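Quick notes on the structure that follows.
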Amino acid sequence: MPAPSPHVDPSRRVLVTGGAGFIGSHLVELLLARGDHVVIVDNLSTGRRENVPAHPRCTFLHQRVAQAVAGDLKDQTFDQIYHLAASVGVKLVVDDPVGCIENNVHETSSLVRFARTAGSGTYASRGCPTLLASTSEVYGKSDKSPFCEDDDVVYGPTTVFRWAYAQSKAIDEYLGLALHRQHAFPAVIARFFNTVGPRQLGDYGMVLPRFVRAAIAHQPLKVFGDGTQTRCFCDVRDVVGVLPRLLGFPASEGRVFNIGSDRAISMLDLGKLVIATLDSRSTIDMVPYDRAFASGFEDLRQRRPSVARLREAVGFFPTIPLERTIEDIASLERQNAAT
């Protein structure tokens with residue numbers, strides 16, 4: 001018989017919060033494929049039940065994180081925790097700043113308190129190795145490029161709710177890093193840049209699925225502002241592949257890592273790429289920010305990460321080109337429309 005894969009540990013138990021969401025569901029598939037027992041906690045506020053696999057090693061709890069760790073998961077132990085549950089998307093954050101702040105701060109606080117006592121084996125005394133999902137929004141409106149993990153951050157005033165999301169996720173980072181410093185809690189911070197791919201919804205302001213959906217229908221693609229603002233997009237299947245490698249790398253503990261691609265594209269060029277890739281008859285409509293969002297909305301001209309730290313730690317290089325991501329999003333969109 002062939003030797004078992006070194007990545008398969010049939011006894012490993014992993015908790016994924018937000019596991020029915022876009023990134024979380026892809027991560028769950030990866031963890032199941034490597035042989036883990038996975039527990040998903042998701043209140044389905046932005047996740048979807050159909051993203052949860054029917055698998056004998058997968059358990060789904062339709063609950064908020066704070067509810068689950070105080071109830072069904074109380075006194076349970078895990079080998080790894082991936083905390084991906086959060087309010088996501090600019091539109092959702094602008095529309096519901098109170099919910100954003102409460103979700104991101106309170107739920108993370110509940111999760112890390114649980115994680116500190118949920119470790120097994122050699123981690124029983126320090127807590128369960130935990131990856132806390134953060135965001136490139138934490139960099140605020142700094143005009144530095146590329147963004148490095150230890151850069152200063154600049155935010156707008158508290159009267160502009162655009163920045164509530166960034167500051168709530170920064171508090172999450174502070175909490176994880178402080179617990180690592182004071183109690184050797186094995187936390188790793190993952191700052192996601194623009195992650196894209198199949199299952200991502202355009203309902204919450206995500207640009208690529210909005211563009212793809214419009215292009216399939218040969219409708220105008222709405223580009224906000226003047227379209228020269230740039231972002232760096234990385235396929236979700238590349239992104240989730242690096243997360244277990246980071247969490248399994250002891251030198252990652254207590255550190256922050258940018259996760260994503262460092263190849264930038266303007267929103268106008270992205271729209272043109274989607275139209276060309278899908279052979280669409282769509283046109284591009286330019287929409288001023290004050291028509292797309294509430295008055296006073298601020299956007300960033302660029303958001304490009306330095307990924308040198310990530311490459312040094314685990315040798316990460318994205319492999320999936322943006323054209324393939326666009327095609328795969330479109331394929332799934334067409335399948336969903338046909339059912």
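In the structure tokens, chains take letters A, B, ... by order of appearance, with residues numbered from 1 within each chain and ligands from 1 in the order shown.
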
Could you produce a table of the residues of region 64-146 of chain A lying within 9 Å of region 297-316 of chain A, with the nearest pair of atoms per residue and their separation in Å rounded to one decimal, using only C-alpha atoms, ordered by chain and increasing residue number, as a Markdown table?
| residue | atom | partner | partner_atom | distance |
| --- | --- | --- | --- | --- |
| A:Val94 | CA | A:Phe297 | CA | 8.7 |
| A:Ser136 | CA | A:Arg303 | CA | 7.6 |
| A:Glu137 | CA | A:Arg303 | CA | 8.8 |
| A:Tyr139 | CA | A:Arg303 | CA | 8.8 |
| A:Gly140 | CA | A:Leu300 | CA | 8.2 |
| A:Lys141 | CA | A:Leu300 | CA | 6.0 |
| A:Ser142 | CA | A:Leu300 | CA | 8.3 |
| A:Asp143 | CA | A:Gln302 | CA | 7.5 |
| A:Lys144 | CA | A:Gln302 | CA | 8.8 |
| A:Ser145 | CA | A:Arg304 | CA | 6.2 |
| A:Pro146 | CA | A:Pro305 | CA | 5.0 |

Self-check item: Long-range neighbours of Val112 (chain A) as number ranges by chain, 12 Å cut-off, only C-alpha atoms, 5 positions minimum in chain
Solution: A: 17, 65-66, 69, 81-83, 105-107, 117-119, 126-132, 172-180, 185-188

With C-alpha atoms retained, write the just-selected residues as a compact mmCIF listing (two decimals), in the first residue's frame.
# COMPACT_ATOMS: atom_id res chain seq x y z
CA THR A 17 -16.17 30.21 11.72
CA VAL A 65 -19.92 32.48 17.10
CA ALA A 66 -20.59 33.77 20.62
CA VAL A 69 -18.66 28.76 21.90
CA ILE A 81 -9.22 27.37 14.48
CA TYR A 82 -9.82 29.62 11.46
CA HIS A 83 -11.88 32.66 12.41
CA VAL A 105 -15.42 43.06 17.77
CA HIS A 106 -17.79 41.09 20.01
CA GLU A 107 -17.71 37.86 18.02
CA THR A 117 -8.87 27.07 26.54
CA ALA A 118 -9.67 24.95 23.48
CA GLY A 119 -6.18 23.78 22.59
CA ARG A 126 -1.29 28.14 25.41
CA GLY A 127 -4.54 27.81 23.52
CA CYS A 128 -5.56 26.47 20.13
CA PRO A 129 -3.56 27.74 17.11
CA THR A 130 -5.91 30.37 15.66
CA LEU A 131 -5.87 32.26 12.38
CA LEU A 132 -7.71 35.57 12.65
CA ASP A 172 -9.39 42.25 16.34
CA GLU A 173 -5.72 42.30 15.36
CA TYR A 174 -4.72 44.14 18.53
CA LEU A 175 -6.57 41.55 20.62
CA GLY A 176 -4.91 38.56 18.99
CA LEU A 177 -1.45 40.09 19.07
CA ALA A 178 -1.82 41.26 22.68
CA LEU A 179 -2.84 37.78 23.80
CA HIS A 180 0.17 36.37 21.99
CA PHE A 185 -1.43 32.57 22.53
CA PRO A 186 -0.66 31.03 19.09
CA ALA A 187 -2.45 33.60 16.93
CA VAL A 188 -1.70 34.38 13.27

Quiz item: Got a sec: who's within 12 Å of Arg13 (chain A), counting only C-alpha atoms, leaving out chain neighbours fewer than 5 positions off, as a list of chain:residue names?
Solution: A:Val8, A:Val28, A:Leu31, A:Leu32, A:Arg34, A:Gly35, A:Asp36, A:His37, A:Val38, A:Val39, A:Ile40, A:Arg57, A:Cys58, A:Thr59, A:Gln76, A:Thr77, A:Phe78, A:Asp79, A:Gln80, A:Ile81, A:Tyr82, A:Ala118, A:Gly119, A:Ser120, A:Gly121, A:Cys128, A:Pro129

Exercise. Apply DSSP to the structure's backbone, then extract all residues of region 26-235 of chain A labelled alpha helix (DSSP H) and return them as an NGL selection string.
Key: :A and (26-33 or 65-70 or 90-95 or 97-115 or 164-183 or 207-216)

Quiz prompt | Close residues, region 221-237 of chain A itself excluded, 6 Å, only C-alpha atoms, min 2 positions apart in chain, as a ChimeraX atom specification | solution = /A:194-197,211,214,239-240,260-268,284-289,301-304

Quiz prompt | DSSP-assigned strand (DSSP E or B) among region 192-251 of chain A, expressed as a PyMOL selection string | solution = chain A and resi 192+194-196+221-224+230-235

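Here CA of Asp42 (chain A) stands at a distance of 20.0 Å from CA of Met206 (chain A).
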
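When only C-alpha atoms are used to compute distances to Asp328 (chain A), the closest of the residues A:Val212, A:Ala170, A:Leu27, A:Ala70 turns out to be A:Val212.
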
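Picture a line from CA of Ala184 (chain A) to CA of Ile101 (chain A); it runs 26.6 Å.
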
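Restricting the calculation to only C-alpha atoms, the smallest distance between Ile23 (chain A) and any of A:Tyr123, A:Phe192, A:Tyr165, A:Phe147 is found for A:Phe192.
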
Quiz prompt | Contact residues around Leu208 (chain A) with only C-alpha atoms at 9 Å, ignoring same-chain residues under 6 positions, as number ranges by chain | solution = A: 196-197, 200-202, 270-271, 274, 326, 329

So which residues touch Ser331 (chain A) within 10 Å, counting only C-alpha atoms, skipping near sequence neighbours fewer than 4 positions away, as a PDB file with N, CA and C atoms, in the first residue's frame?
ATOM      1  N   PRO A 198     -15.182  31.785  -7.577  1.00  0.00           N
ATOM      2  CA  PRO A 198     -16.528  31.208  -7.536  1.00  0.00           C
ATOM      3  C   PRO A 198     -17.128  31.275  -6.130  1.00  0.00           C
ATOM      4  N   VAL A 212     -19.070  40.426 -13.624  1.00  0.00           N
ATOM      5  CA  VAL A 212     -19.327  39.183 -14.362  1.00  0.00           C
ATOM      6  C   VAL A 212     -20.819  38.986 -14.594  1.00  0.00           C
ATOM      7  N   ILE A 216     -22.445  38.759 -18.373  1.00  0.00           N
ATOM      8  CA  ILE A 216     -23.199  37.593 -18.870  1.00  0.00           C
ATOM      9  C   ILE A 216     -24.531  38.025 -19.465  1.00  0.00           C
ATOM     10  N   THR A 325     -10.193  32.992 -13.360  1.00  0.00           N
ATOM     11  CA  THR A 325     -11.123  33.296 -12.282  1.00  0.00           C
ATOM     12  C   THR A 325     -12.419  33.856 -12.835  1.00  0.00           C
ATOM     13  N   ILE A 326     -12.306  34.785 -13.773  1.00  0.00           N
ATOM     14  CA  ILE A 326     -13.490  35.376 -14.400  1.00  0.00           C
ATOM     15  C   ILE A 326     -14.334  34.296 -15.072  1.00  0.00           C
ATOM     16  N   GLU A 327     -13.685  33.403 -15.813  1.00  0.00           N
ATOM     17  CA  GLU A 327     -14.412  32.332 -16.507  1.00  0.00           C
ATOM     18  C   GLU A 327     -15.104  31.399 -15.514  1.00  0.00           C
ATOM     19  N   GLN A 335     -24.610  28.255 -14.200  1.00  0.00           N
ATOM     20  CA  GLN A 335     -25.205  27.051 -13.615  1.00  0.00           C
ATOM     21  C   GLN A 335     -26.311  27.394 -12.644  1.00  0.00           C
ATOM     22  N   ASN A 336     -26.052  28.396 -11.802  1.00  0.00           N
ATOM     23  CA  ASN A 336     -27.056  28.789 -10.808  1.00  0.00           C
ATOM     24  C   ASN A 336     -28.290  29.360 -11.487  1.00  0.00           C
ATOM     25  N   ALA A 337     -28.086  30.096 -12.573  1.00  0.00           N
ATOM     26  CA  ALA A 337     -29.222  30.688 -13.282  1.00  0.00           C
ATOM     27  C   ALA A 337     -30.079  29.615 -13.948  1.00  0.00           C
TER      28      ALA A 337
END

Quiz prompt | Counting only C-alpha atoms, the residue of A:Glu253, A:Gln67, A:Cys100, A:Val153 that sits nearest Phe114 (chain A) | solution = A:Gln67

Applying 6 Å and only C-alpha atoms, which residues near region 43-54 of chain A remain after dropping the ones on its own chain fewer than 4 positions away? List them as a PDB file with N, CA and C atoms, in the first residue's frame.
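What follows is the written file selection_20.pdb:
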ATOM      1  N   ALA A  20     -19.504  28.837   5.903  1.00  0.00           N
ATOM      2  CA  ALA A  20     -20.471  28.766   4.811  1.00  0.00           C
ATOM      3  C   ALA A  20     -20.332  29.959   3.874  1.00  0.00           C
ATOM      4  N   GLY A  21     -19.353  30.806   4.153  1.00  0.00           N
ATOM      5  CA  GLY A  21     -19.133  31.984   3.330  1.00  0.00           C
ATOM      6  C   GLY A  21     -18.234  31.696   2.147  1.00  0.00           C
ATOM      7  N   SER A  25     -15.938  28.538   2.771  1.00  0.00           N
ATOM      8  CA  SER A  25     -16.383  27.283   2.155  1.00  0.00           C
ATOM      9  C   SER A  25     -15.269  26.641   1.333  1.00  0.00           C
ATOM     10  N   HIS A  62     -25.643  26.256  12.777  1.00  0.00           N
ATOM     11  CA  HIS A  62     -26.246  27.501  12.287  1.00  0.00           C
ATOM     12  C   HIS A  62     -26.432  28.430  13.481  1.00  0.00           C
ATOM     13  N   GLN A  63     -25.357  29.072  13.865  1.00  0.00           N
ATOM     14  CA  GLN A  63     -25.338  29.905  15.063  1.00  0.00           C
ATOM     15  C   GLN A  63     -24.347  31.055  14.893  1.00  0.00           C
ATOM     16  N   ARG A  64     -24.489  32.059  15.750  1.00  0.00           N
ATOM     17  CA  ARG A  64     -23.454  33.069  15.874  1.00  0.00           C
ATOM     18  C   ARG A  64     -22.283  32.454  16.629  1.00  0.00           C
TER      19      ARG A  64
END
